[in-house]
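These notes are about the structure you will find just below.
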Amino acid sequence: MANAKFSKDTYLYWYELMQRMRKFEEKAGQLYGMQKIRGFCHLYIGQEAVAAGIMSAIRPEDSIITAYRDHGLALAKGMSANECMAELYGKATGCTKGKGGSMHFFSKEHKFFGGHGIVGAQIPLGAGIAFGEQYNGTDNVCICMFGDGAARQGALHETYNMAMLWKLPVIFICENNEYAMGTSVERTSNVHDIVKLGLAYDMPSAQVDGMSAEAVHDAIEEAVDRARSGAGPTFLEIKTYRYKGHSMSDPAKYRSKEEVEEYKQKDPVEVVRRLILEREYATEAQLDEIDGGIKAEIDECVRFAEESPFPSDEELLRDIYAQEDYPFITD
């Protein structure tokens, strides 16, 4: 739903950002089918409004940490399509030098701390990042994201207790896309409203429409203000939907075509595009020009990845231990 508080510039920012994520992921899926990309690959298609609403409500100094469905969020945080695509190819020019792959994007520069393959591992790490900000006396916050499957991990409860006890500046976000791999929430928990998990710790908690960038922005803005003021964490269950399978190996036969089509009627990219046209924030030609620029960017990142070298054999033992602690590891 359109909200008058958001400007033309915000809607155009959301549109370009969501299109960049969408087109990157569509290309990644195509390249995976061509066996240019190997291993695990989890696409963000359908969930773009979550990333868009977060980015318009936080500052560059704020951190994001997430699970293995990380490509879209990495792009949203400012990482280049070149370094992201090169990482998918396993090339030395990738964001983790070709050694992390799809599930382990990382950028210290952009304060994007993964990309984590272990389910729920990023939840305590997110609280740790927030503790670091609190300890250093900044007013930066950490956005800690996970899926509905990770909400079953015991580490979540230990982390929530500690985060509330110390009033850490962290916003916990469950991107509830309805299915933990191939199993619905209804089949994995007696608590179908995941938002209730925060109530046991008196943590401010809310459910959010994840197909609406406006709704996500509003919820994040409120949570960020709370964290910056020293009032502690927030838990948001953001209800979203992935249009593709859990990973590239998932045919998604556990849900009906009708269900997918119902959610596609709320496609966040198309919703924002229609609103921009209805409000005359841009013409079809202007939006097509944005699309063309993104297509060129994606084509270029594929060329960059194709032409980049693989890591050298010498890279095998690098980035495992801290260099100063293990001087026998040389450059």
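We label chains A, B, ... in the order they appear in the structure tokens, count residues from 1 in each chain, and number ligands from 1 in the order shown.
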
Practice task
Find the residues around A:Arg20 up to 9 Å (only C-alpha atoms counted), leave out those fewer than 4 positions away in its own chain, and share them as a PyMOL selection string.
Solution key: chain A and resi 15-16+24-25+72+75-76+81+291+294-295+297-298

Problem - Non-local contacts of stretch 256-272 of chain A (10 Å; only C-alpha atoms; under 5 positions in same chain excluded) as a PyMOL selection string - result: chain A and resi 1-2+11-12+14-19+21-22+45-50+52+210-214+240-244+277-278

Exercise for the section: Would you list, as a ChimeraX atom specification, the residues of stretch 92-316 of chain A that end up in strand (DSSP E) under DSSP run on this structure's backbone? Expected result: /A:142-147,170-176,179-180,183-184,205-209,234-239

Exercise for the section: With a distance cut-off of 7 Å and only C-alpha atoms, select the neighbouring residues of stretch 103-105 of chain A, excluding the residue or stretch itself and same-chain residues fewer than 2 positions from it, and output the selection as a ChimeraX atom specification. Expected result: /A:68-70,95-96,100-101,114-117

Exercise for the section: Determine, counting only C-alpha atoms, which protein, DNA and RNA residues have an atom within 10 Å of an atom of A:Ile129; residues of the same chain fewer than 2 positions away are not included. Present the result as a list in words. Expected result: Ser63, Ile64, Ile65, Phe113, Pro124, Leu125, Gly126, Ala127, Phe131, Gly132, Glu133, Gln134, Tyr135, Asn140, Val141, Cys142, Ile143, Cys144, Leu168, Pro169 and Val170 of chain A

What would the file look like if the residues just selected were written as a compact mmCIF listing (two decimals), in the first residue's frame with N, CA and C atoms?
```
# COMPACT_ATOMS: atom_id res chain seq x y z
N SER A 63 25.33 -2.70 10.63
CA SER A 63 25.74 -4.01 10.12
C SER A 63 24.53 -4.87 9.74
N ILE A 64 24.77 -5.77 8.79
CA ILE A 64 23.79 -6.81 8.46
C ILE A 64 24.50 -8.15 8.50
N ILE A 65 23.86 -9.13 9.12
CA ILE A 65 24.33 -10.51 9.10
C ILE A 65 23.12 -11.38 8.80
N PHE A 113 28.30 -9.03 7.19
CA PHE A 113 29.06 -10.08 7.87
C PHE A 113 28.50 -11.49 7.63
N PRO A 124 23.56 -15.79 17.29
CA PRO A 124 24.45 -15.30 18.35
C PRO A 124 25.54 -14.37 17.83
N LEU A 125 26.00 -14.59 16.60
CA LEU A 125 27.01 -13.71 16.04
C LEU A 125 26.46 -12.28 15.88
N GLY A 126 25.20 -12.18 15.48
CA GLY A 126 24.57 -10.87 15.34
C GLY A 126 24.52 -10.12 16.67
N ALA A 127 24.21 -10.85 17.73
CA ALA A 127 24.21 -10.24 19.06
C ALA A 127 25.62 -9.82 19.44
N PHE A 131 26.95 -6.23 20.50
CA PHE A 131 27.68 -6.01 21.75
C PHE A 131 28.96 -5.20 21.48
N GLY A 132 29.63 -5.50 20.37
CA GLY A 132 30.83 -4.75 20.01
C GLY A 132 30.53 -3.28 19.81
N GLU A 133 29.42 -2.97 19.14
CA GLU A 133 29.03 -1.57 18.93
C GLU A 133 28.72 -0.90 20.26
N GLN A 134 28.01 -1.61 21.12
CA GLN A 134 27.68 -1.05 22.43
C GLN A 134 28.95 -0.81 23.25
N TYR A 135 29.85 -1.77 23.24
CA TYR A 135 31.10 -1.69 24.00
C TYR A 135 31.95 -0.52 23.54
N ASN A 140 25.55 2.61 16.43
CA ASN A 140 25.26 1.74 15.30
C ASN A 140 24.45 0.53 15.77
N VAL A 141 23.68 -0.03 14.85
CA VAL A 141 22.86 -1.20 15.17
C VAL A 141 23.26 -2.36 14.26
N CYS A 142 22.88 -3.55 14.65
CA CYS A 142 23.08 -4.74 13.83
C CYS A 142 21.73 -5.33 13.45
N ILE A 143 21.54 -5.55 12.15
CA ILE A 143 20.36 -6.24 11.64
C ILE A 143 20.73 -7.72 11.50
N CYS A 144 20.11 -8.57 12.30
CA CYS A 144 20.43 -10.01 12.32
C CYS A 144 19.25 -10.78 11.75
N LEU A 168 21.09 -4.98 24.03
CA LEU A 168 21.97 -4.84 22.88
C LEU A 168 21.25 -4.17 21.70
N PRO A 169 21.97 -3.37 20.91
CA PRO A 169 21.36 -2.67 19.76
C PRO A 169 21.26 -3.58 18.54
N VAL A 170 20.39 -4.57 18.62
CA VAL A 170 20.24 -5.55 17.55
C VAL A 170 18.77 -5.69 17.20
```

Exercise for the section: Would you list the contacts of stretch 202-207 of chain A as a list of chain:residue names, taking every protein, DNA or RNA residue within 7 Å and counting only C-alpha atoms, but skipping same-chain residues closer than 6 positions in sequence? Expected result: A:Met164, A:Val195, A:Pro233, A:Thr234, A:Phe235, A:Leu236, A:Glu237, A:Ile238

Practice task
Could you pull out the residues in stretch 44-208 of chain A that DSSP calls helix (DSSP H, G or I) from the backbone, as a ChimeraX atom specification?
Solution key: /A:48-55,71-76,81-88,122-135,150-152,154-166,185-187,194-201

Fill in the blank from the handout: Computed gap from atom CA of A:Met85 to atom CA of A:Glu300 is 9.9 Å

Problem - Straight-line distance linking atom CA of A:Ala155 with atom CA of A:Ala180, stated in Å to one decimal - result: 17.0 Å

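Note that the spacing between atom CA of A:His42 and atom CA of A:His246 amounts to 6.3 Å.
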
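Using only C-alpha atoms, the smallest distance between any of A:Gly230, A:Gly29, A:Gln122, A:Asp299 and A:Asn82 comes from A:Asp299.
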
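For the residues A:Asp218, A:Val208, A:Asp148, A:Asp9, ranking by smallest atom-to-atom distance to A:Thr188 using only C-alpha atoms places A:Asp148 first.
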